[in-house]
file data00.cif (mmCIF, C-alpha atoms)
data_target
loop_
_atom_site.label_atom_id
_atom_site.label_comp_id
_atom_site.auth_asym_id
_atom_site.auth_seq_id
_atom_site.Cartn_x
_atom_site.Cartn_y
_atom_site.Cartn_z
CA MET A 27 -73.69 130.29 127.58
CA PRO A 28 -72.66 131.78 130.92
CA GLY A 29 -74.98 133.05 133.62
CA ILE A 30 -78.58 133.91 132.96
CA ARG A 31 -78.17 133.91 129.17
CA GLY A 32 -77.89 130.11 129.10
CA LEU A 33 -81.01 129.80 131.24
CA MET A 34 -82.89 132.16 128.95
CA ALA A 35 -81.83 130.22 125.88
CA PHE A 36 -83.01 127.02 127.59
CA ARG A 37 -86.43 128.49 128.41
CA PRO A 38 -87.22 131.37 126.01
CA GLU A 39 -90.88 131.55 127.07
CA THR A 40 -89.77 132.73 130.52
CA ALA A 41 -86.90 134.80 129.12
CA LYS A 42 -89.24 137.26 127.43
CA PRO A 43 -91.15 138.45 130.54
CA LEU A 44 -87.98 138.40 132.68
CA ASN A 45 -86.18 140.60 130.15
CA GLU A 46 -89.19 142.89 129.91
CA LEU A 47 -89.22 143.29 133.69
CA VAL A 48 -85.52 144.08 133.93
CA GLU A 49 -85.82 146.48 130.97
CA VAL A 50 -88.50 148.49 132.77
CA LEU A 51 -86.69 148.42 136.12
CA LEU A 52 -83.18 149.24 134.92
CA GLN A 53 -83.60 151.00 131.59
CA GLY A 54 -87.08 152.53 131.73
CA ALA A 55 -88.12 156.02 132.77
CA SER A 56 -87.11 156.91 136.32
CA ARG A 57 -85.76 159.78 138.38
CA LEU A 58 -82.99 157.38 139.41
CA SER A 59 -80.30 157.23 136.77
CA LYS A 60 -79.65 154.02 134.87
CA GLY A 61 -76.28 153.87 136.62
CA GLU A 62 -77.88 154.15 140.06
CA ARG A 63 -80.39 151.41 139.27
CA GLU A 64 -77.69 149.11 137.89
CA LEU A 65 -75.61 149.87 140.99
CA ILE A 66 -78.49 148.75 143.22
CA ALA A 67 -78.76 145.53 141.19
CA ALA A 68 -74.99 144.95 141.43
CA TYR A 69 -74.96 145.73 145.16
CA VAL A 70 -77.76 143.27 145.98
CA SER A 71 -76.16 140.65 143.73
CA GLY A 72 -72.90 141.10 145.61
CA LEU A 73 -74.68 140.69 148.94
CA ASN A 74 -76.16 137.48 147.55
CA GLU A 75 -72.68 136.36 146.43
CA CYS A 76 -73.87 135.93 142.85
CA LYS A 77 -70.66 136.50 140.93
CA PHE A 78 -72.25 136.55 137.48
CA CYS A 79 -74.96 139.12 138.29
CA ALA A 80 -72.71 141.29 140.47
CA GLY A 81 -70.06 141.34 137.75
CA THR A 82 -72.49 141.95 134.91
CA HIS A 83 -74.55 144.69 136.55
CA GLY A 84 -71.46 146.27 138.06
CA ALA A 85 -69.99 146.51 134.55
CA ILE A 86 -73.22 147.97 133.18
CA ALA A 87 -73.25 150.54 136.00
CA LYS A 88 -69.61 151.38 135.24
CA HIS A 89 -70.50 152.08 131.61
CA HIS A 90 -73.46 154.27 132.59
CA PHE A 91 -71.34 156.22 135.09
CA GLY A 92 -68.32 156.30 132.80
CA ASP A 93 -66.31 155.33 135.89
CA SER A 94 -65.70 152.16 137.90
CA LYS A 95 -65.23 153.99 141.22
CA PRO A 96 -68.92 153.86 142.31
CA VAL A 97 -69.03 150.12 141.61
CA GLU A 98 -65.85 149.45 143.57
CA GLU A 99 -66.93 151.75 146.41
CA VAL A 100 -70.38 150.18 146.90
CA LYS A 101 -68.67 146.82 147.49
CA ILE A 102 -66.61 148.11 150.41
CA ASN A 103 -68.59 151.06 151.75
CA PRO A 104 -72.19 151.64 150.59
CA GLU A 105 -72.37 154.52 153.08
CA SER A 106 -69.52 156.33 151.31
CA GLY A 107 -69.61 160.07 150.82
CA LEU A 108 -69.17 159.27 147.14
CA PHE A 109 -72.92 158.58 147.07
CA SER A 110 -75.63 161.15 147.71
CA PRO A 111 -77.55 160.83 150.98
CA LYS A 112 -80.59 159.78 148.93
CA LEU A 113 -78.70 156.98 147.19
CA ARG A 114 -77.14 155.84 150.48
CA SER A 115 -80.62 155.61 152.03
CA LEU A 116 -81.88 153.62 149.03
CA LEU A 117 -78.89 151.26 149.19
CA ALA A 118 -79.67 150.71 152.88
CA ILE A 119 -83.25 149.78 151.95
CA ALA A 120 -81.98 147.47 149.19
CA ALA A 121 -79.69 145.71 151.69
CA LYS A 122 -82.62 145.15 154.03
CA VAL A 123 -84.77 143.76 151.21
CA GLN A 124 -81.90 141.35 150.42
CA LYS A 125 -82.19 140.00 153.98
CA GLY A 126 -85.99 139.87 153.79
CA GLY A 127 -88.75 142.33 153.02
CA LEU A 128 -89.87 142.64 156.64
CA TYR A 129 -86.49 144.13 157.58
CA VAL A 130 -87.47 147.39 155.85
CA THR A 131 -89.01 149.70 158.44
CA ASN A 132 -91.14 152.82 158.26
CA THR A 133 -88.10 154.65 159.61
CA ASP A 134 -86.01 153.49 156.63
CA VAL A 135 -88.66 154.81 154.25
CA GLU A 136 -88.94 158.12 156.15
CA ILE A 137 -85.16 158.60 156.05
CA ALA A 138 -85.16 158.02 152.30
CA ARG A 139 -87.98 160.54 151.89
CA GLU A 140 -86.13 163.08 154.06
CA TYR A 141 -83.19 162.77 151.67
CA GLY A 142 -85.43 163.43 148.68
CA ALA A 143 -86.44 159.95 147.53
CA THR A 144 -89.90 159.80 146.02
CA ASP A 145 -92.33 157.00 146.70
CA LEU A 146 -91.69 155.75 143.16
CA GLU A 147 -87.92 155.65 143.74
CA ILE A 148 -88.42 153.75 147.01
CA HIS A 149 -90.84 151.37 145.27
CA ASP A 150 -88.41 150.78 142.42
CA THR A 151 -85.49 150.23 144.79
CA VAL A 152 -87.44 147.57 146.67
CA LEU A 153 -88.56 145.94 143.43
CA ILE A 154 -85.03 145.98 141.95
CA ALA A 155 -83.63 144.45 145.15
CA ALA A 156 -86.38 141.81 145.31
CA ALA A 157 -86.09 140.99 141.60
CA PHE A 158 -82.34 140.57 141.85
CA CYS A 159 -82.71 138.23 144.80
CA MET A 160 -84.83 136.12 142.44
CA PHE A 161 -82.44 136.51 139.48
CA ASN A 162 -79.43 135.66 141.69
CA ARG A 163 -81.09 132.52 142.99
CA TYR A 164 -82.14 131.57 139.46
CA VAL A 165 -78.57 131.92 138.17
CA ASP A 166 -76.82 130.24 141.11
CA GLY A 167 -79.57 127.73 141.86
CA LEU A 168 -79.13 126.14 138.46
CA GLY A 169 -75.34 126.19 138.71
CA THR A 170 -74.62 128.44 135.77
CA GLU A 171 -71.08 129.36 134.80
CA ALA A 172 -69.65 132.70 135.90
CA PRO A 173 -66.81 133.78 133.60
CA ALA A 174 -63.48 134.30 135.34
CA LYS A 175 -62.25 137.02 132.96
CA GLU A 176 -63.27 140.56 133.88
CA GLU A 177 -63.10 141.53 130.20
CA ILE A 178 -66.17 139.41 129.54
CA TYR A 179 -68.20 141.34 132.10
CA ASP A 180 -66.94 144.59 130.60
CA GLN A 181 -68.07 143.49 127.12
CA ILE A 182 -71.50 142.51 128.45
CA GLY A 183 -71.67 145.80 130.38
CA ALA A 184 -70.86 147.91 127.34
CA TYR A 185 -73.46 146.09 125.25
CA ARG A 186 -76.26 146.24 127.83
CA ALA A 187 -75.58 149.88 128.74
CA LYS A 188 -75.95 150.78 125.07
CA ASN A 189 -78.73 148.38 124.00
CA GLY A 190 -80.72 147.47 127.10
CA TYR A 191 -82.18 144.05 127.75
CA LEU A 192 -84.55 143.60 124.83
CA VAL A 193 -83.39 142.61 121.37
CA PRO A 194 -85.36 142.45 118.12
CA ASN A 195 -87.57 139.39 117.73
CA ASN A 196 -86.97 138.54 121.42
CA LYS A 197 -83.72 136.75 120.58
CA VAL A 198 -81.58 135.87 123.56
CA ILE A 199 -77.99 137.08 123.32
#

call {"tool": "encode", "arguments": {"input": "data00.cif", "output": "structure tokens"}}
result
Amino acid sequence: MPGIRGLMAFRPETAKPLNELVEVLLQGASRLSKGERELIAAYVSGLNECKFCAGTHGAIAKHHFGDSKPVEEVKINPESGLFSPKLRSLLAIAAKVQKGGLYVTNTDVEIAREYGATDLEIHDTVLIAAAFCMFNRYVDGLGTEAPAKEEIYDQIGAYRAKNGYLVPNNKVI
């Protein structure tokens, strides 16, 4: 099984809490859209050069947005006018978390607040970025396979956008 799915099948007792965490972060209640949260996950994964996670979460974001343009744009220009000032400020925070938590400054947080980000949105952005640093290192650190075919990511993206990360009886798919 490619990517994190193989790791979760290997160790189902850790798969359950990891899937529960990502379900809350990316699919749970939030003022940030599911697409925006998946975009943050894809962006951080791209910065970490984790092909599987960047491809998977980019595809999920695409399905939530109904458009691949935000996913393609964040790869080349996260400060693009395509994104709201609030989302740009949150992407900037996510990029700093990817480097290390201490890179995030009070000024970064104040800028995000000035653009309308709530403390919960800032918290969740930092937690998504930090969690995906862990997930990326988990996937790449154990040398998992990243599919070469983009269609596979699109299939995963369509499924996850529709069904989330939890499945009945905690089965790993």

call {"tool": "atom_distance", "arguments": {"input": "data00.cif", "atom1": "CA of Glu64 (chain A)", "atom2": "CA of Gly81 (chain A)"}}
result
10.9 Å

call {"tool": "closest_residue", "arguments": {"input": "data00.cif", "among": "A:Ala41, A:Cys79, A:Leu58, A:Leu52", "to": "Leu113 (chain A)", "atoms": "all atoms listed in the file"}}
result
A:Leu58

call {"tool": "resolve_selection", "arguments": {"input": "data00.cif", "expression": "the PyMOL selection byres ((chain A and resi 92-105) around 8)", "output": "JSON, numbers by chain"}}
result
{"A": [65, 68, 69, 72, 84, 85, 87, 88, 89, 90, 91, 106, 107, 108, 109, 114, 117, 118]}

call {"tool": "closest_residue", "arguments": {"input": "data00.cif", "among": "A:Leu51, A:Ala157, A:Ala138, A:Cys76", "to": "Ala172 (chain A)", "atoms": "only C-alpha atoms"}}
result
A:Cys76

call {"tool": "atom_distance", "arguments": {"input": "data00.cif", "atom1": "CA of Gln124 (chain A)", "atom2": "CA of Ser71 (chain A)"}}
result
8.8 Å

call {"tool": "residues_near_point", "arguments": {"input": "data00.cif", "point": "(-83.8, 139.9, 138.2)", "cutoff": "9 Å", "atoms": "all atoms listed in the file", "output": "list of chain:residue names"}}
result
A:Leu44, A:Asn45, A:Leu47, A:Val48, A:Ala67, A:Cys79, A:Ile154, A:Ala155, A:Ala156, A:Ala157, A:Phe158, A:Cys159, A:Met160, A:Phe161, A:Asn162, A:Tyr164

call {"tool": "resolve_selection", "arguments": {"input": "data00.cif", "expression": "the PyMOL selection byres ((chain A and resi 125-137) around 10)", "output": "ChimeraX atom specification"}}
result
/A:70,73-74,111-112,115-116,118-124,138-145,148-149,152,155-156,159

call {"tool": "residues_around", "arguments": {"input": "data00.cif", "residues": "region 176-185 of chain A", "least_positions_apart": "2", "cutoff": "7 Å", "atoms": "all atoms listed in the file", "output": "CSV table (one decimal) with C-alpha atoms, in the frame of the given file"}}
result
chain,number,residue,atom,x,y,z
A,81,GLY,CA,-70.1,141.3,137.8
A,82,THR,CA,-72.5,142.0,134.9
A,83,HIS,CA,-74.6,144.7,136.6
A,85,ALA,CA,-70.0,146.5,134.6
A,86,ILE,CA,-73.2,148.0,133.2
A,89,HIS,CA,-70.5,152.1,131.6
A,173,PRO,CA,-66.8,133.8,133.6
A,174,ALA,CA,-63.5,134.3,135.3
A,187,ALA,CA,-75.6,149.9,128.7
A,188,LYS,CA,-76.0,150.8,125.1
A,189,ASN,CA,-78.7,148.4,124.0

call {"tool": "residues_near_point", "arguments": {"input": "data00.cif", "point": "(-90.6, 136.5, 129.7)", "cutoff": "12 Å", "atoms": "all atoms listed in the file", "output": "PyMOL selection string"}}
result
chain A and resi 33-35+37-49+191-192+196-198

call {"tool": "atom_distance", "arguments": {"input": "data00.cif", "atom1": "CA of Glu171 (chain A)", "atom2": "CA of Ile66 (chain A)"}}
result
22.4 Å

call {"tool": "axis_aligned_box", "arguments": {"input": "data00.cif", "around": "region 33-39 of chain A", "padding_each_side": "5 Å", "output": "JSON"}}
result
{"center_x": -85.9, "center_y": 129.6, "center_z": 128.6, "size_x": 19.9, "size_y": 15.1, "size_z": 15.4}

call {"tool": "closest_residue", "arguments": {"input": "data00.cif", "among": "A:Val165, A:Pro28, A:Ser110, A:Asp150", "to": "Gln53 (chain A)", "atoms": "all atoms listed in the file"}}
result
A:Asp150

call {"tool": "closest_residue", "arguments": {"input": "data00.cif", "among": "A:Leu153, A:Ile30, A:Phe36, A:Glu75", "to": "Arg63 (chain A)", "atoms": "all atoms listed in the file"}}
result
A:Leu153

call {"tool": "closest_residue", "arguments": {"input": "data00.cif", "among": "A:Met27, A:Leu146, A:Asp166, A:Thr151", "to": "Phe78 (chain A)", "atoms": "all atoms listed in the file"}}
result
A:Asp166
